[in-house]
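Notes for the one structure printed next.
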Amino acid sequence: MQRLQPKLFTSFKGYTRAQLGRDIIAGLIVGVIALPLSIALALASGVRPEQGLYTAIIAGFLISALGGSRVQIAGPTAAFATIVAGIVARSGMDGLLIATVMAGLMLVLMGLLRLGSLIRFIPYTITTGFTAGIAVCIAIGQLKDFLGVTYLGGLETVETVDKLTATVRSIGTFNGQALLVGLAALSVLILWPRVSKRVPASLVAVAVGIAMVKLLPLQVNSIGDLYTISGGLPKLTLPMLSLARISALFPDAVTIALLAAIESLLSCVVADGMANTHHNANMELVAQGVGNIGSALFGGIPATGAIARTAANIKNGARTPVAGMVHALTLLLILVVLMPLASLIPMPVIAAILLMVAWHMAGARTFAALVKTAPKSDVIVLLLTFVLTVVFDLVVALGVGMMAVCILFVKRMSEETDIRCWDEAETAEDGSLRVPKGARVYELSGPLFFGVADKLVKGVSSKDCRCIVLRMQAVNAIDATAISALERIAQRCRRQNIGMVLSHLNAQPEAVLRKAGFLSALGAQNICPHISEALARAREIVGEA
């Protein structure tokens, strides 16, 4: 089991001045990339622009310094945008602060309890479904600014469906100049990477958008028209706590914690594949918790590992947490010196950046491939999670999705369990084992669990026989409900004076049945290691010489 030790402490073995240079350059580049993204994600989350930078600075630094990955870059991500916006709309910034701190404590506890490996039990169909769903929610939320629409008074715009409805009903306020700026920015975001990968496309899009609005000039809202931007350092804020508020915000905290854990560990897995590293999942969870607590207390929003920024970090030569710390310090310098310039960024440019984020996040090809090739039950879970994320929220999607997975898994496993009866005088595989007259052999295969208990009771019949043999060579697991079913069969046999023999018990079924007292009640003479001995015992019971 891995120790809870930050990768920063183990990264300096063989560390060279050349690697330090590469880490610093990577940190500077990723810091520049993170600038417009952090602002855009803050606005998508319903908070002030600088709060996105607070998150990237504080959470980014803490998670890099304490994390279980060498190259993880953390900060605000698109996955949280709709969740945070909903919390802020319902409970205000104070509610978001409380929920994020609680989520941070949950993440720390998850790491300390070594629960990092449990994340892998969340099915791929669910993570793909809710990720695509969140991407659609983000895209719908950007239609207003991309089209230059002004919502009509009295319309609810908290939920995704509400935003779509409000946009459609307010389409008469459409601003063609805003759409022109948005399309120009979107074109830059798509085409610029083919020209240069050194200069971030988002920065070029911002520059083009500002130039269009100022030089043409165009009547388009900028960040400064809608928000008051502060370039000062973040300040410590303590929430007003009460048991009622903690109880009310607990579900939101669980959502933040689960999503932060899933996203950060997925990002770590991607990073390991790109950089040939090995992350410490439990240490990463602890760092994510500390980072989120720090972010919330200093005015930030929830943070997690950002896959795109982490990939950019690796591609630019980073191999230690130093790069992530430099990224945070770069953003701190920008916050103090250049933040007032952010007020010039047109809102359609922010919308275009987020539309590109949503497109990359959606994984349309992966989603379509799963729909075409996955088993029908997996497709049901995928589509169900996707639709519920868009129509309701992530909490409902995760809960119903996991419930559906469990039900479908039980159904699938129950179909794998088979009960086959050998007829009288039927021979076994080598032709030498004969079922004596008056006896019946039932060959069980697959796991015996609650999903097949009724099938087991009905499938093993004692009618018109004096002994039944249960051959359990292909049974590798059994649970309490299946034990209860076997006990019912054994009781039925005792009432009818019919013998019952078990053959070839594997390790787990034998241990569980022995602990339950079933084997001692059946008698050692009726527990046989092989079918040949079981048939010999059956001959004794039916009185065949």
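In the structure tokens, chains take the letters A, B, ... in the order shown, each chain's residues start at 1, and ligands count up from 1 in the order shown.
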- request: Please identify all polymer residues within 9 Å of Gly86 of chain A, counting only C-alpha atoms, omitting same-chain residues fewer than 4 positions from it, and present them as a PyMOL selection string.
  value: chain A and resi 45-46+81-82+90-91+158-159
message: Show me, as a ChimeraX atom specification, the residues that have an atom within 6 Å of segment 185-187 of chain A when counting only C-alpha atoms, minus same-chain residues fewer than 6 positions from it.
response: /A:205,349,352
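Excluding Lys455 of chain A and any residue on its chain fewer than 2 positions from it, the residues at most 10 Å away by only C-alpha atoms are Ser414, Thr417, Asp418, Ile419, Leu448, Phe450, Gly451, Val452, Ala453, Val457, Lys458, Gly459, Val460, Ala482 and Ala485 of chain A.
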Output N, CA and C atoms of each residue in that selection to a file, as a compact mmCIF listing (two decimals), in the first residue's frame.
# COMPACT_ATOMS: atom_id res chain seq x y z
N SER A 414 -27.51 -12.95 -12.97
CA SER A 414 -28.49 -14.01 -12.75
C SER A 414 -28.66 -14.86 -14.01
N THR A 417 -25.94 -17.57 -14.21
CA THR A 417 -26.06 -18.72 -13.31
C THR A 417 -26.97 -19.77 -13.94
N ASP A 418 -26.48 -20.99 -13.99
CA ASP A 418 -27.22 -22.06 -14.66
C ASP A 418 -27.36 -23.26 -13.72
N ILE A 419 -28.51 -23.92 -13.83
CA ILE A 419 -28.76 -25.15 -13.06
C ILE A 419 -29.13 -26.24 -14.05
N LEU A 448 -23.76 -17.78 -6.87
CA LEU A 448 -25.04 -17.96 -6.19
C LEU A 448 -25.25 -16.75 -5.28
N PHE A 450 -28.26 -13.25 -4.22
CA PHE A 450 -29.68 -12.94 -4.02
C PHE A 450 -30.48 -12.91 -5.31
N GLY A 451 -29.81 -12.59 -6.42
CA GLY A 451 -30.52 -12.49 -7.70
C GLY A 451 -30.96 -13.84 -8.25
N VAL A 452 -30.40 -14.95 -7.74
CA VAL A 452 -30.74 -16.27 -8.28
C VAL A 452 -31.29 -17.20 -7.20
N ALA A 453 -31.56 -16.66 -6.00
CA ALA A 453 -32.01 -17.50 -4.89
C ALA A 453 -33.32 -18.22 -5.25
N VAL A 457 -34.07 -22.34 -5.65
CA VAL A 457 -35.06 -23.12 -4.91
C VAL A 457 -35.99 -23.85 -5.88
N LYS A 458 -36.42 -23.16 -6.93
CA LYS A 458 -37.35 -23.77 -7.89
C LYS A 458 -36.65 -24.75 -8.82
N GLY A 459 -35.36 -24.50 -9.10
CA GLY A 459 -34.64 -25.33 -10.06
C GLY A 459 -34.17 -26.66 -9.51
N VAL A 460 -33.97 -26.73 -8.18
CA VAL A 460 -33.51 -27.98 -7.56
C VAL A 460 -34.73 -28.70 -7.00
N ALA A 482 -28.36 -16.76 -0.91
CA ALA A 482 -28.23 -18.08 -1.53
C ALA A 482 -28.07 -19.17 -0.48
N ALA A 485 -31.40 -20.01 0.65
CA ALA A 485 -32.07 -20.86 -0.34
C ALA A 485 -31.62 -22.31 -0.21
Write out, as JSON lines, each residue of segment 327-400 of chain A that has an atom at most 10 Å from segment 219-229 of chain A, together with the closest pair of atoms and their distance in Å to one decimal, counting only C-alpha atoms, rows going by chain and rising number.
{"residue": "A:Met339", "atom": "CA", "partner": "A:Ile229", "partner_atom": "CA", "distance": 7.6}
{"residue": "A:Pro340", "atom": "CA", "partner": "A:Ile229", "partner_atom": "CA", "distance": 6.7}
{"residue": "A:Leu341", "atom": "CA", "partner": "A:Gly224", "partner_atom": "CA", "distance": 9.1}
{"residue": "A:Ala342", "atom": "CA", "partner": "A:Ile223", "partner_atom": "CA", "distance": 7.1}
{"residue": "A:Ser343", "atom": "CA", "partner": "A:Gly224", "partner_atom": "CA", "distance": 4.0}
{"residue": "A:Leu344", "atom": "CA", "partner": "A:Ser222", "partner_atom": "CA", "distance": 5.7}
{"residue": "A:Ile345", "atom": "CA", "partner": "A:Ser222", "partner_atom": "CA", "distance": 5.3}
{"residue": "A:Pro346", "atom": "CA", "partner": "A:Ser222", "partner_atom": "CA", "distance": 3.9}
{"residue": "A:Met347", "atom": "CA", "partner": "A:Ser222", "partner_atom": "CA", "distance": 5.1}
{"residue": "A:Pro348", "atom": "CA", "partner": "A:Asn221", "partner_atom": "CA", "distance": 8.0}
{"residue": "A:Val349", "atom": "CA", "partner": "A:Ser222", "partner_atom": "CA", "distance": 9.0}
{"residue": "A:Ile350", "atom": "CA", "partner": "A:Ile223", "partner_atom": "CA", "distance": 8.8}
- request: Show which residues sit within 12 Å of Ile483 of chain A, as a ChimeraX atom specification. Count only C-alpha atoms, and ignore same-chain residues fewer than 2 positions away.
  value: /A:447-450,452-454,456-457,477-481,485-490,509-519
As a PDB file with all heavy atoms, in the first residue's frame, please: the residues near Lys235 of chain A (cut-off 9 Å, only C-alpha atoms, same-chain neighbours under 6 positions excluded).
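For reference, out.pdb as written:
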ATOM      1  N   LEU A 297     -12.096  29.130   1.226  1.00  0.00           N
ATOM      2  CA  LEU A 297     -11.864  30.111   2.289  1.00  0.00           C
ATOM      3  C   LEU A 297     -11.299  31.423   1.758  1.00  0.00           C
ATOM      4  O   LEU A 297     -11.386  32.461   2.434  1.00  0.00           O
ATOM      5  CB  LEU A 297     -10.913  29.519   3.337  1.00  0.00           C
ATOM      6  CG  LEU A 297     -11.480  28.358   4.173  1.00  0.00           C
ATOM      7  CD1 LEU A 297     -10.423  27.819   5.130  1.00  0.00           C
ATOM      8  CD2 LEU A 297     -12.722  28.797   4.949  1.00  0.00           C
ATOM      9  N   PHE A 298     -10.722  31.398   0.558  1.00  0.00           N
ATOM     10  CA  PHE A 298     -10.172  32.621  -0.027  1.00  0.00           C
ATOM     11  C   PHE A 298     -10.956  33.066  -1.265  1.00  0.00           C
ATOM     12  O   PHE A 298     -10.401  33.677  -2.171  1.00  0.00           O
ATOM     13  CB  PHE A 298      -8.698  32.438  -0.362  1.00  0.00           C
ATOM     14  CG  PHE A 298      -7.809  32.485   0.855  1.00  0.00           C
ATOM     15  CD1 PHE A 298      -7.505  31.331   1.553  1.00  0.00           C
ATOM     16  CD2 PHE A 298      -7.321  33.699   1.318  1.00  0.00           C
ATOM     17  CE1 PHE A 298      -6.707  31.375   2.685  1.00  0.00           C
ATOM     18  CE2 PHE A 298      -6.519  33.755   2.452  1.00  0.00           C
ATOM     19  CZ  PHE A 298      -6.208  32.592   3.139  1.00  0.00           C
ATOM     20  N   GLY A 299     -12.245  32.767  -1.280  1.00  0.00           N
ATOM     21  CA  GLY A 299     -13.116  33.318  -2.307  1.00  0.00           C
ATOM     22  C   GLY A 299     -13.171  32.566  -3.607  1.00  0.00           C
ATOM     23  O   GLY A 299     -13.769  33.057  -4.575  1.00  0.00           O
TER      24      GLY A 299
END
message: What's around segment 3-12 of chain A at 7 Å? Count only C-alpha atoms, leave out sequence neighbours fewer than 5 positions away in its own chain, and write the answer as a list in words.
response: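 Surrounding residues, per the criterion: Ala65, Leu66, Gly67, Gly68, Ser69, Arg70, Asn282, Met283, Thr320 and Pro321 of chain A.
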Please write the residues from the selection above to a file, keeping N, CA and C atoms, as a PDB file, in the first residue's frame.
ATOM      1  N   ALA A  65       1.501  21.101  -4.817  1.00  0.00           N
ATOM      2  CA  ALA A  65       2.481  20.932  -3.734  1.00  0.00           C
ATOM      3  C   ALA A  65       2.226  19.676  -2.915  1.00  0.00           C
ATOM      4  N   LEU A  66       0.968  19.296  -2.728  1.00  0.00           N
ATOM      5  CA  LEU A  66       0.629  18.182  -1.839  1.00  0.00           C
ATOM      6  C   LEU A  66       0.127  16.951  -2.584  1.00  0.00           C
ATOM      7  N   GLY A  67      -0.055  17.037  -3.885  1.00  0.00           N
ATOM      8  CA  GLY A  67      -0.749  15.995  -4.635  1.00  0.00           C
ATOM      9  C   GLY A  67       0.013  14.706  -4.842  1.00  0.00           C
ATOM     10  N   GLY A  68      -0.748  13.717  -5.333  1.00  0.00           N
ATOM     11  CA  GLY A  68      -0.172  12.404  -5.599  1.00  0.00           C
ATOM     12  C   GLY A  68       0.238  12.209  -7.038  1.00  0.00           C
ATOM     13  N   SER A  69       0.197  13.282  -7.838  1.00  0.00           N
ATOM     14  CA  SER A  69       0.631  13.218  -9.236  1.00  0.00           C
ATOM     15  C   SER A  69       1.774  14.197  -9.450  1.00  0.00           C
ATOM     16  N   ARG A  70       2.726  13.818 -10.282  1.00  0.00           N
ATOM     17  CA  ARG A  70       3.857  14.707 -10.579  1.00  0.00           C
ATOM     18  C   ARG A  70       3.464  15.877 -11.458  1.00  0.00           C
ATOM     19  N   ASN A 282      -4.653   8.043  -3.257  1.00  0.00           N
ATOM     20  CA  ASN A 282      -5.098   8.490  -1.931  1.00  0.00           C
ATOM     21  C   ASN A 282      -4.482   9.837  -1.563  1.00  0.00           C
ATOM     22  N   MET A 283      -3.204  10.035  -1.889  1.00  0.00           N
ATOM     23  CA  MET A 283      -2.568  11.326  -1.627  1.00  0.00           C
ATOM     24  C   MET A 283      -3.194  12.405  -2.489  1.00  0.00           C
ATOM     25  N   THR A 320       7.595  17.423 -12.893  1.00  0.00           N
ATOM     26  CA  THR A 320       7.494  17.488 -11.436  1.00  0.00           C
ATOM     27  C   THR A 320       6.414  18.496 -11.039  1.00  0.00           C
ATOM     28  N   PRO A 321       5.974  18.474  -9.780  1.00  0.00           N
ATOM     29  CA  PRO A 321       4.953  19.424  -9.309  1.00  0.00           C
ATOM     30  C   PRO A 321       5.405  20.881  -9.352  1.00  0.00           C
TER      31      PRO A 321
END
